[in-house]
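Trainee: Compact mmCIF, C-alpha atoms, file start-v3.txt:
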```
# COMPACT_ATOMS: atom_id res chain seq x y z
CA MET Q 1 -208.12 -181.68 -19.74
CA ALA Q 2 -205.42 -180.05 -21.79
CA LYS Q 3 -205.04 -176.52 -23.10
CA PHE Q 4 -204.96 -175.61 -26.80
CA MET Q 5 -204.30 -172.57 -28.94
CA ASP Q 6 -205.79 -173.01 -32.37
CA VAL Q 7 -205.06 -170.64 -35.21
CA HIS Q 8 -207.11 -169.59 -38.23
CA THR Q 9 -205.02 -167.84 -40.88
CA SER Q 10 -207.54 -166.91 -43.59
CA MET Q 11 -210.10 -164.72 -41.84
CA THR Q 12 -209.04 -161.45 -43.44
CA GLY Q 13 -211.64 -158.74 -42.95
CA VAL Q 14 -213.57 -160.59 -40.25
CA SER Q 15 -215.88 -158.21 -38.36
CA ALA Q 16 -216.54 -158.17 -34.64
CA GLU Q 17 -220.10 -159.38 -35.36
CA ASP Q 18 -218.85 -162.25 -37.52
CA LEU Q 19 -216.34 -163.32 -34.90
CA LYS Q 20 -218.91 -163.15 -32.12
CA ALA Q 21 -221.31 -165.27 -34.17
CA ALA Q 22 -218.61 -167.82 -35.02
CA HIS Q 23 -217.50 -168.01 -31.39
CA GLN Q 24 -221.09 -168.38 -30.20
CA ALA Q 25 -221.65 -171.22 -32.67
CA ASP Q 26 -218.66 -173.00 -31.12
CA LEU Q 27 -219.94 -172.36 -27.59
CA ASP Q 28 -223.36 -173.73 -28.51
CA ILE Q 29 -222.01 -177.20 -29.32
CA GLN Q 30 -218.66 -177.37 -27.49
CA GLY Q 31 -220.14 -179.42 -24.64
CA GLU Q 32 -220.76 -182.32 -27.01
CA GLU Q 33 -216.98 -182.79 -27.27
CA GLY Q 34 -216.07 -181.63 -23.76
CA VAL Q 35 -214.40 -178.47 -25.12
CA ASP Q 36 -214.34 -175.13 -23.28
CA PHE Q 37 -213.45 -172.22 -25.58
CA GLN Q 38 -212.18 -169.46 -23.33
CA GLN Q 39 -211.17 -166.55 -25.53
CA ALA Q 40 -210.61 -165.58 -29.14
CA TRP Q 41 -208.42 -162.79 -30.53
CA ALA Q 42 -208.56 -161.54 -34.12
CA ASP Q 43 -206.41 -159.44 -36.43
CA PRO Q 44 -208.69 -158.80 -39.42
CA THR Q 45 -205.79 -157.25 -41.36
CA THR Q 46 -203.60 -160.38 -41.35
CA GLY Q 47 -206.64 -162.66 -41.16
CA HIS Q 48 -205.33 -164.43 -38.08
CA VAL Q 49 -207.64 -165.59 -35.29
CA PHE Q 50 -206.30 -167.26 -32.14
CA CYS Q 51 -208.62 -169.36 -29.95
CA LEU Q 52 -207.66 -170.54 -26.48
CA SER Q 53 -209.49 -173.58 -25.16
CA GLU Q 54 -209.44 -176.46 -22.73
CA ALA Q 55 -210.36 -179.81 -24.21
CA PRO Q 56 -209.77 -183.55 -23.85
CA ASN Q 57 -207.57 -183.54 -26.98
CA ALA Q 58 -206.85 -181.62 -30.19
CA GLU Q 59 -209.28 -183.73 -32.21
CA ALA Q 60 -212.18 -182.47 -30.09
CA VAL Q 61 -211.20 -178.87 -30.83
CA ARG Q 62 -210.80 -179.68 -34.53
CA ARG Q 63 -214.24 -181.30 -34.71
CA ILE Q 64 -216.09 -178.40 -33.08
CA HIS Q 65 -214.49 -175.81 -35.39
CA GLU Q 66 -215.18 -178.02 -38.43
CA ARG Q 67 -218.82 -178.56 -37.52
CA THR Q 68 -219.39 -174.82 -37.17
CA GLY Q 69 -217.85 -174.13 -40.55
CA HIS Q 70 -214.55 -172.49 -39.65
CA PRO Q 71 -211.89 -175.22 -39.47
CA ALA Q 72 -208.66 -174.37 -37.67
CA ASP Q 73 -205.46 -174.24 -39.74
CA GLN Q 74 -203.28 -175.15 -36.75
CA ILE Q 75 -203.95 -176.60 -33.30
CA HIS Q 76 -201.17 -176.32 -30.73
CA GLU Q 77 -201.25 -178.08 -27.37
CA ILE Q 78 -200.17 -175.58 -24.74
CA THR Q 79 -198.08 -177.23 -22.04
CA ILE Q 80 -196.38 -174.10 -20.68
CA THR Q 81 -198.09 -170.86 -19.65
CA VAL Q 82 -196.20 -167.97 -18.09
CA MET U 83 -202.42 -148.57 -26.39
CA ALA U 84 -203.18 -151.41 -28.75
CA LYS U 85 -203.23 -155.16 -28.23
CA PHE U 86 -200.87 -157.58 -29.98
CA MET U 87 -200.41 -161.33 -30.34
CA ASP U 88 -196.89 -162.14 -31.45
CA VAL U 89 -195.89 -165.61 -32.54
CA HIS U 90 -192.57 -167.44 -32.36
CA THR U 91 -192.50 -170.53 -34.57
CA SER U 92 -189.05 -172.04 -33.94
CA MET U 93 -188.92 -172.71 -30.20
CA THR U 94 -189.17 -176.50 -30.43
CA GLY U 95 -188.25 -178.16 -27.15
CA VAL U 96 -188.45 -174.98 -25.08
CA SER U 97 -188.62 -175.80 -21.35
CA ALA U 98 -190.77 -174.08 -18.75
CA GLU U 99 -187.59 -172.65 -17.22
CA ASP U 100 -186.37 -171.29 -20.58
CA LEU U 101 -189.72 -169.71 -21.31
CA LYS U 102 -189.94 -168.14 -17.86
CA ALA U 103 -186.43 -166.71 -18.26
CA ALA U 104 -187.22 -165.37 -21.74
CA HIS U 105 -190.47 -163.84 -20.52
CA GLN U 106 -188.76 -162.28 -17.50
CA ALA U 107 -186.09 -160.75 -19.76
CA ASP U 108 -188.90 -159.10 -21.73
CA LEU U 109 -190.61 -157.88 -18.56
CA ASP U 110 -187.34 -156.40 -17.30
CA ILE U 111 -187.03 -153.96 -20.21
CA GLN U 112 -190.58 -153.68 -21.57
CA GLY U 113 -191.15 -150.35 -19.81
CA GLU U 114 -188.52 -148.72 -21.99
CA GLU U 115 -190.84 -149.14 -24.98
CA GLY U 116 -194.15 -148.82 -23.13
CA VAL U 117 -194.96 -152.52 -23.69
CA ASP U 118 -196.95 -154.65 -21.23
CA PHE U 119 -196.51 -158.38 -21.89
CA GLN U 120 -199.49 -160.09 -20.29
CA GLN U 121 -199.23 -163.80 -20.98
CA ALA U 122 -197.27 -166.35 -23.00
CA TRP U 123 -198.36 -169.82 -24.10
CA ALA U 124 -196.00 -172.45 -25.50
CA ASP U 125 -196.28 -175.71 -27.40
CA PRO U 126 -192.74 -177.15 -27.23
CA THR U 127 -193.70 -179.92 -29.68
CA THR U 128 -194.59 -177.58 -32.57
CA GLY U 129 -192.19 -174.90 -31.33
CA HIS U 130 -194.90 -172.25 -31.27
CA VAL U 131 -195.04 -169.58 -28.57
CA PHE U 132 -197.84 -167.00 -28.45
CA CYS U 133 -197.36 -163.76 -26.50
CA LEU U 134 -200.21 -161.37 -25.71
CA SER U 135 -199.28 -157.77 -25.00
CA GLU U 136 -200.45 -154.20 -24.91
CA ALA U 137 -198.13 -151.74 -26.58
CA PRO U 138 -198.06 -148.40 -28.40
CA ASN U 139 -197.39 -150.20 -31.71
CA ALA U 140 -196.03 -153.43 -33.22
CA GLU U 141 -192.54 -151.98 -33.58
CA ALA U 142 -192.26 -151.60 -29.81
CA VAL U 143 -193.12 -155.29 -29.34
CA ARG U 144 -190.65 -156.24 -32.07
CA ARG U 145 -187.84 -154.24 -30.50
CA ILE U 146 -188.26 -155.71 -27.00
CA HIS U 147 -188.25 -159.30 -28.31
CA GLU U 148 -185.22 -158.56 -30.51
CA ARG U 149 -183.24 -156.97 -27.69
CA THR U 150 -183.82 -160.00 -25.46
CA GLY U 151 -182.65 -162.38 -28.17
CA HIS U 152 -185.89 -164.06 -29.25
CA PRO U 153 -187.32 -162.10 -32.18
CA ALA U 154 -190.97 -162.70 -33.06
CA ASP U 155 -191.76 -164.33 -36.40
CA GLN U 156 -195.18 -162.66 -36.61
CA ILE U 157 -196.83 -159.74 -34.82
CA HIS U 158 -200.61 -159.42 -35.17
CA GLU U 159 -202.54 -156.38 -33.97
CA ILE U 160 -205.61 -157.65 -32.14
CA THR U 161 -208.61 -155.44 -32.77
CA ILE U 162 -211.35 -157.92 -31.83
CA THR U 163 -211.50 -159.98 -28.63
CA VAL U 164 -214.46 -162.23 -27.81
```
Can the structure from this file be put into structure tokens for me?
Mentor:
Amino acid sequence: MAKFMDVHTSMTGVSAEDLKAAHQADLDIQGEEGVDFQQAWADPTTGHVFCLSEAPNAEAVRRIHERTGHPADQIHEITITV
Amino acid sequence: MAKFMDVHTSMTGVSAEDLKAAHQADLDIQGEEGVDFQQAWADPTTGHVFCLSEAPNAEAVRRIHERTGHPADQIHEITITV
């Protein structure tokens, strides 16, 4: 398993309820791709949402977010954590 | 205190040692601005580094990173965490 930080850059104005629902939609199907979404952080003013996950590869993360209707704009593989 | 995710986008090739040293430099002076850097995640391939912190405001985060020689390219105030 590898670690990923994916970034959404166009979620301006997202509410806590919206983000919870989007995150829950990911959690509901993540097992089908072996993904484990761990946390999500949002800045509704800049529209940026950051999602930390463990997954077999970036494609698995991309597919889950696409299937739940909020594709990631960037997916970074995290190889250093301090 | 508020929560921030700052992003560095030009740290391609950063090593674990470099990131640890950069993070430690922030920790050494963060108290002067009331900042608490909690975690940093790096993707040396894309050059992106994500730093999560608690701080009085974004300016305090900006100043610490500038003083230690690695200014942030973006600073997002996190108001929703799921």
Trainee: Identify all chain Q residues at most 6 Å from chain U by counting all atoms listed in the file; ligands do not count. Present them as a PyMOL selection string.
Mentor: chain Q and resi 16+39-43+76-82
Trainee: To one decimal place in Å, what is the distance between CA of Arg145 (chain U) and CA of Ser53 (chain Q)?
Mentor: 29.5 Å
Trainee: Using all atoms listed in the file, which of Q:Leu27, Q:Ala22, Q:Val35, Q:Met11 sits nearest Pro56 (chain Q)?
Mentor: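 Looking only at the distances to Pro56 (chain Q), the closest residue turns out to be Q:Val35.
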Trainee: Which is closest to Asp88 (chain U) among U:Val143, U:Ile111, U:Gly116, U:Gly151, if we use all atoms listed in the file?
Mentor: U:Val143
Trainee: Could you please determine the separation between CA of Glu136 (chain U) and CA of Asp100 (chain U) in Å, to one decimal place?
Mentor: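 Separation between CA of Glu136 (chain U) and CA of Asp100 (chain U): 22.6 Å.
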Trainee: To one decimal in Å, tell me the separation between CA of Arg67 (chain Q) and CA of Val89 (chain U).
Mentor: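 Separating CA of Arg67 (chain Q) from CA of Val89 (chain U) is a distance of 26.8 Å.
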Trainee: For each of U:Asp108, U:Gly95, U:His90, U:Met83, take the minimum atom-to-atom distance to Thr150 (chain U), counting all atoms listed in the file, then give the residue where this is smallest.
Mentor: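 For Thr150 (chain U), the nearest of the given residues is U:Asp108.
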Trainee: Using all atoms of region 27-46 of chain Q listed in the file and a margin of 5 Å per side, can you give the axis-aligned box centre and edge lengths in Å to one decimal, as lines of an AutoDock Vina configuration file?
Mentor:
```
center_x = -213.5
center_y = -170.0
center_z = -32.3
size_x = 29.8
size_y = 35.5
size_z = 28.1
```
